[in-house]
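See below for coords.txt, which holds compact mmCIF, C-alpha atoms.
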# COMPACT_ATOMS: atom_id res chain seq x y z
CA MET A 178 63.87 130.56 99.76
CA ALA A 179 67.55 129.95 100.39
CA THR A 180 70.51 132.19 99.70
CA PHE A 181 73.10 130.54 97.48
CA VAL A 182 76.59 131.95 97.98
CA LEU A 183 78.63 131.03 94.91
CA ILE A 184 82.41 131.10 95.34
CA HIS A 185 84.46 130.93 92.16
CA GLY A 186 87.62 128.93 91.61
CA GLY A 187 91.25 129.87 90.97
CA GLY A 188 91.73 132.69 88.49
CA GLY A 189 87.96 132.98 88.26
CA SER A 190 85.33 135.66 88.68
CA ALA A 191 81.62 136.14 89.22
CA TRP A 192 81.16 135.60 85.47
CA ASP A 193 81.81 131.89 85.99
CA TRP A 194 78.33 131.69 87.54
CA HIS A 195 76.44 133.94 85.13
CA LEU A 196 74.39 131.09 83.60
CA LEU A 197 73.58 129.51 86.97
CA VAL A 198 72.42 132.68 88.73
CA PRO A 199 69.22 133.15 86.69
CA GLU A 200 68.43 129.45 87.01
CA LEU A 201 68.54 129.67 90.80
CA ALA A 202 66.68 132.97 90.82
CA SER A 203 63.91 131.53 88.65
CA ARG A 204 63.43 128.85 91.30
CA GLY A 205 62.80 131.54 93.91
CA HIS A 206 66.22 131.74 95.58
CA ASP A 207 68.50 134.64 96.40
CA VAL A 208 72.04 134.46 95.01
CA VAL A 209 75.26 136.16 96.17
CA VAL A 210 78.27 136.03 93.85
CA PRO A 211 81.34 137.60 95.49
CA GLU A 212 84.61 138.14 93.66
CA LEU A 213 87.55 137.12 95.82
CA PRO A 214 90.48 139.60 95.90
CA ILE A 215 92.78 137.25 93.99
CA GLU A 216 94.54 140.09 92.17
CA ASP A 217 95.73 141.61 95.46
CA GLY A 218 99.14 140.26 96.44
CA SER A 219 98.51 141.07 100.10
CA ALA A 220 95.14 139.28 100.32
CA GLY A 221 94.96 135.95 102.08
CA PHE A 222 92.34 133.72 103.65
CA VAL A 223 91.25 136.46 106.07
CA GLU A 224 90.54 138.85 103.21
CA PHE A 225 88.84 136.14 101.15
CA CYS A 226 86.53 135.35 104.05
CA GLU A 227 85.79 139.02 104.77
CA THR A 228 84.90 139.60 101.12
CA VAL A 229 82.31 136.84 101.20
CA VAL A 230 80.92 137.76 104.62
CA ASN A 231 80.52 141.39 103.56
CA ALA A 232 78.77 140.35 100.34
CA VAL A 233 76.34 138.15 102.27
CA GLY A 234 75.44 140.95 104.68
CA ASP A 235 72.44 140.07 106.84
CA ARG A 236 71.13 137.30 104.58
CA ARG A 237 70.49 133.95 106.21
CA ASP A 238 69.56 130.37 105.23
CA LEU A 239 72.89 130.16 103.43
CA VAL A 240 74.02 127.45 101.03
CA VAL A 241 77.70 128.04 100.28
CA VAL A 242 78.94 126.54 97.01
CA GLY A 243 82.70 126.40 96.46
CA HIS A 244 83.86 125.56 92.95
CA SER A 245 87.29 123.97 92.49
CA TYR A 246 89.77 126.15 94.46
CA GLY A 247 86.76 127.89 96.00
CA ALA A 248 86.48 124.82 98.24
CA PHE A 249 89.31 126.29 100.32
CA THR A 250 87.16 129.34 101.09
CA ALA A 251 83.66 127.86 101.40
CA PRO A 252 84.18 126.15 104.79
CA LEU A 253 85.66 129.34 106.24
CA ILE A 254 82.30 131.04 105.77
CA ALA A 255 80.64 128.38 107.90
CA ASP A 256 83.04 129.32 110.67
CA ARG A 257 81.74 132.89 110.57
CA LEU A 258 78.07 132.70 109.57
CA PRO A 259 75.17 130.28 110.18
CA VAL A 260 75.44 128.11 107.06
CA ARG A 261 72.74 125.56 106.25
CA LEU A 262 74.77 123.54 103.74
CA ILE A 263 78.19 123.48 102.09
CA VAL A 264 78.42 122.17 98.52
CA LEU A 265 81.87 121.45 97.11
CA LEU A 266 81.68 121.47 93.31
CA THR A 267 84.47 119.66 91.38
CA PRO A 268 86.52 120.70 94.40
CA MET A 269 89.98 121.01 95.86
CA ILE A 270 89.15 119.68 99.32
CA PRO A 271 91.55 121.10 101.95
CA GLU A 272 92.88 119.59 105.12
CA PRO A 273 93.60 121.52 108.35
CA GLY A 274 96.91 123.34 108.13
CA GLU A 275 97.44 122.51 104.46
CA ARG A 276 98.91 125.20 102.23
CA PRO A 277 97.03 125.38 98.94
CA GLY A 278 100.30 125.23 97.07
CA ASP A 279 100.96 121.83 98.67
CA TRP A 280 97.54 120.40 97.83
CA TRP A 281 98.60 119.08 94.43
CA GLY A 282 101.44 116.98 95.75
CA ASN A 283 99.59 115.93 98.89
CA THR A 284 96.69 114.52 96.88
CA GLY A 285 98.89 112.87 94.26
CA TYR A 286 97.41 114.94 91.45
CA ARG A 287 99.07 114.03 88.17
CA GLY A 288 97.70 116.69 85.84
CA ALA A 289 95.95 116.46 82.52
CA GLU A 290 98.85 115.97 80.17
CA GLY A 291 98.43 116.77 76.51
CA LEU A 292 95.17 118.65 76.93
CA SER A 293 94.70 122.33 76.17
CA GLU A 294 93.12 124.66 78.73
CA GLU A 295 89.90 124.55 76.75
CA GLN A 296 89.91 120.74 76.76
CA GLN A 297 90.61 120.59 80.50
CA PHE A 298 88.08 123.12 81.69
CA TYR A 299 85.45 123.72 79.00
CA ASN A 300 84.68 120.45 77.21
CA GLY A 301 80.98 120.53 76.46
CA VAL A 302 80.60 124.26 77.05
CA PRO A 303 78.96 126.12 74.13
CA ALA A 304 81.55 127.63 71.81
CA GLU A 305 80.28 131.17 72.27
CA ILE A 306 80.68 130.87 76.05
CA VAL A 307 84.19 129.45 75.71
CA ALA A 308 85.07 132.40 73.48
CA GLU A 309 84.03 134.80 76.24
CA ALA A 310 85.84 132.98 79.05
CA ALA A 311 89.35 134.37 78.49
CA ALA A 312 88.10 137.93 78.91
CA HIS A 313 86.84 137.11 82.39
CA GLY A 314 89.84 135.24 83.80
CA ARG A 315 91.98 137.05 86.38
CA ASP A 316 95.58 136.69 87.51
CA GLN A 317 95.73 135.00 90.90
CA VAL A 318 98.61 136.66 92.77
CA SER A 319 97.05 136.62 96.25
CA ALA A 320 98.93 135.41 99.31
CA GLU A 321 96.78 132.51 100.54
CA GLY A 322 98.59 129.96 98.37
CA ASN A 323 101.38 129.89 100.96
CA GLU A 324 99.15 130.17 104.03
CA PRO A 325 98.13 127.15 106.10
CA TRP A 326 94.40 126.52 105.82
CA PRO A 327 93.21 128.03 109.11
CA LEU A 328 90.51 125.66 110.36
CA ASP A 329 91.39 122.94 112.87
CA ALA A 330 88.63 120.68 111.58
CA TRP A 331 85.86 120.64 109.01
CA PRO A 332 82.87 122.73 110.14
CA ASP A 333 79.97 120.92 111.78
CA VAL A 334 77.75 121.69 108.79
CA PRO A 335 76.19 119.24 106.31
CA THR A 336 78.53 118.99 103.33
CA LYS A 337 77.93 117.62 99.85
CA VAL A 338 80.62 116.86 97.27
CA LEU A 339 79.36 117.12 93.70
CA ILE A 340 81.66 116.02 90.89
CA ALA A 341 81.25 116.15 87.11
CA ARG A 342 81.35 112.96 85.09
CA GLU A 343 83.19 114.52 82.14
CA ASP A 344 85.68 116.52 84.23
CA ARG A 345 89.09 116.22 82.56
CA PHE A 346 90.92 118.50 84.99
CA PHE A 347 89.93 116.59 88.13
CA PRO A 348 88.84 113.18 86.81
CA PRO A 349 86.04 111.45 88.72
CA ASP A 350 88.23 108.63 90.07
CA PHE A 351 90.65 111.19 91.52
CA GLN A 352 87.80 113.19 93.05
CA ARG A 353 86.26 110.09 94.61
CA ARG A 354 89.57 109.10 96.19
CA VAL A 355 90.24 112.56 97.65
CA ALA A 356 86.68 112.95 98.96
CA ALA A 357 86.85 109.57 100.67
CA ALA A 358 90.26 110.26 102.19
CA ARG A 359 89.55 113.78 103.39
CA LEU A 360 85.85 113.83 104.24
CA GLY A 361 84.90 110.17 104.35
CA ALA A 362 82.37 111.09 101.69
CA ALA A 363 81.10 109.44 98.52
CA PRO A 364 80.53 112.25 96.01
CA ASP A 365 77.34 112.83 94.12
CA GLU A 366 77.75 113.04 90.34
CA ILE A 367 76.36 115.24 87.59
CA ASP A 368 76.86 115.37 83.84
CA GLY A 369 79.27 118.08 82.71
CA CYS A 370 82.87 119.26 82.69
CA HIS A 371 85.02 120.94 85.33
CA SER A 372 83.15 124.18 84.59
CA VAL A 373 79.79 122.52 85.08
CA ALA A 374 78.08 125.84 85.87
CA LEU A 375 78.81 126.80 82.26
CA SER A 376 78.19 123.44 80.60
CA HIS A 377 75.05 122.33 82.51
CA PRO A 378 73.62 125.30 84.46
CA LYS A 379 70.01 124.10 84.50
CA GLN A 380 70.92 120.62 85.69
CA LEU A 381 73.24 122.08 88.31
CA ALA A 382 70.48 124.35 89.60
CA ASP A 383 68.19 121.32 89.84
CA ARG A 384 70.77 119.42 91.88
CA LEU A 385 71.56 122.32 94.20
CA THR A 386 67.92 123.04 94.94
CA ALA A 387 67.18 119.34 95.42
CA TYR A 388 69.67 119.33 98.29
CA LEU A 389 67.32 121.67 100.16
CA LEU A 390 64.69 118.95 100.34
CA HIS A 391 66.81 116.51 102.33

Can you turn what I pasted into structure tokens?
Amino acid sequence: MATFVLIHGGGGSAWDWHLLVPELASRGHDVVVPELPIEDGSAGFVEFCETVVNAVGDRRDLVVVGHSYGAFTAPLIADRLPVRLIVLLTPMIPEPGERPGDWWGNTGYRGAEGLSEEQQFYNGVPAEIVAEAAAHGRDQVSAEGNEPWPLDAWPDVPTKVLIAREDRFFPPDFQRRVAAARLGAAPDEIDGCHSVALSHPKQLADRLTAYLLH
């Protein structure tokens, strides 16, 4: 049994993982789903990290999954706790000293012009789940967007990058380029949209648990 620590993305919440959690639990794993203090204007990377560490408690055999903007926080946990594996899911991969607000320009991100929020994030997600999503979004006013990412180097922990083939927000070609440039990694791929935990939770659980076998 592993403990999966699921870190949501920008403006997100624990709800983003609500379809994945039972899939992982049914496979015999523990799951921790912290909510980062993104609505606190004084909270930065230190507070994000403390929130996750406190939620984990004394659990071990940790697999830390950072979705999208959660990829800025996931490696910080490996600097504090004994992490078995980091999985970056449709991620914003940081570099040492990079301010999150600068990530977009630094990576050459061009945006998804002409697409609605639903088209960018939820293509392929069941309509009833999309209808619920707005009620679970949160305003991100926290301070870390202007803070340099605090690690000097990527943690010495096995790291997987998993991208979604139908992602319209971070298209696969863009994700491949950033992963190669920043981690020297070739991403693994899964069917689904940017919110793959909502569009393909069973398949995502299969992929995450398969990583434990290697």

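What separates CA of Ala374 (chain A) from CA of Glu272 (chain A) is a distance of 25.1 Å.
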
Next on the checklist: Under the rule that all atoms listed in the file are counted, which of A:Glu309, A:Ala382, A:Ile215, A:Ala387 is the nearest residue to Ala202 (chain A)?
Outcome noted: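 With all atoms listed in the file as the atom set, the closest residue is A:Ala382.
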
- Residue nearest Ala220 (chain A) among A:Ala341, A:Ala320, A:Ile306, A:Leu385 (counting all atoms listed in the file):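 For Ala220 (chain A), the nearest of the candidates is A:Ala320.
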
Residue among A:Ser245, A:Leu339, A:Asn323, A:Ser293 lying closest to Gly278 (chain A), counting all atoms listed in the file:
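Once distances to Gly278 (chain A) are computed over all atoms listed in the file, the minimum belongs to A:Asn323.
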
- request: Determine, counting only C-alpha atoms, which protein, DNA and RNA residues have an atom within 7 Å of an atom of Tyr246 (chain A); residues of the same chain fewer than 6 positions away are not included. Present the result as a count of residues only.
  value: 4

As a check of understanding: the span from CA of Trp326 (chain A) to CA of Glu275 (chain A) is 5.2 Å

Write out as a PyMOL selection string which residues come within 9 Å of Val242 (chain A) when counting only C-alpha atoms, dropping same-chain ones fewer than 4 positions away. chain A and resi 181-185+247-248+251+262-266+385

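When all atoms listed in the file are used to measure the gap to Leu213 (chain A), the shortest distance among A:Asp235, A:Glu321, A:Glu295, A:Asp256 belongs to A:Glu321.
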
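Nearest residue to Leu360 (chain A), choosing from A:Lys337, A:His244, A:Arg276, A:Arg237 and counting only C-alpha atoms: A:Lys337.
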
* 8 Å contact set for region 188-201 of chain A, all atoms listed in the file, chain neighbours under 3 positions out, as a PyMOL selection string -> chain A and resi 183-185+204-208+210-213+215+313-317+372+374-375+378-379+381-382+386

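The coordinates place CA of Leu253 (chain A) at 27.8 Å from CA of Tyr299 (chain A).
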
Min atom-atom distance to Thr284 (chain A) from the set A:Arg342, A:Arg236, A:Arg261, A:Arg359, counting all atoms listed in the file, belongs to A:Arg359
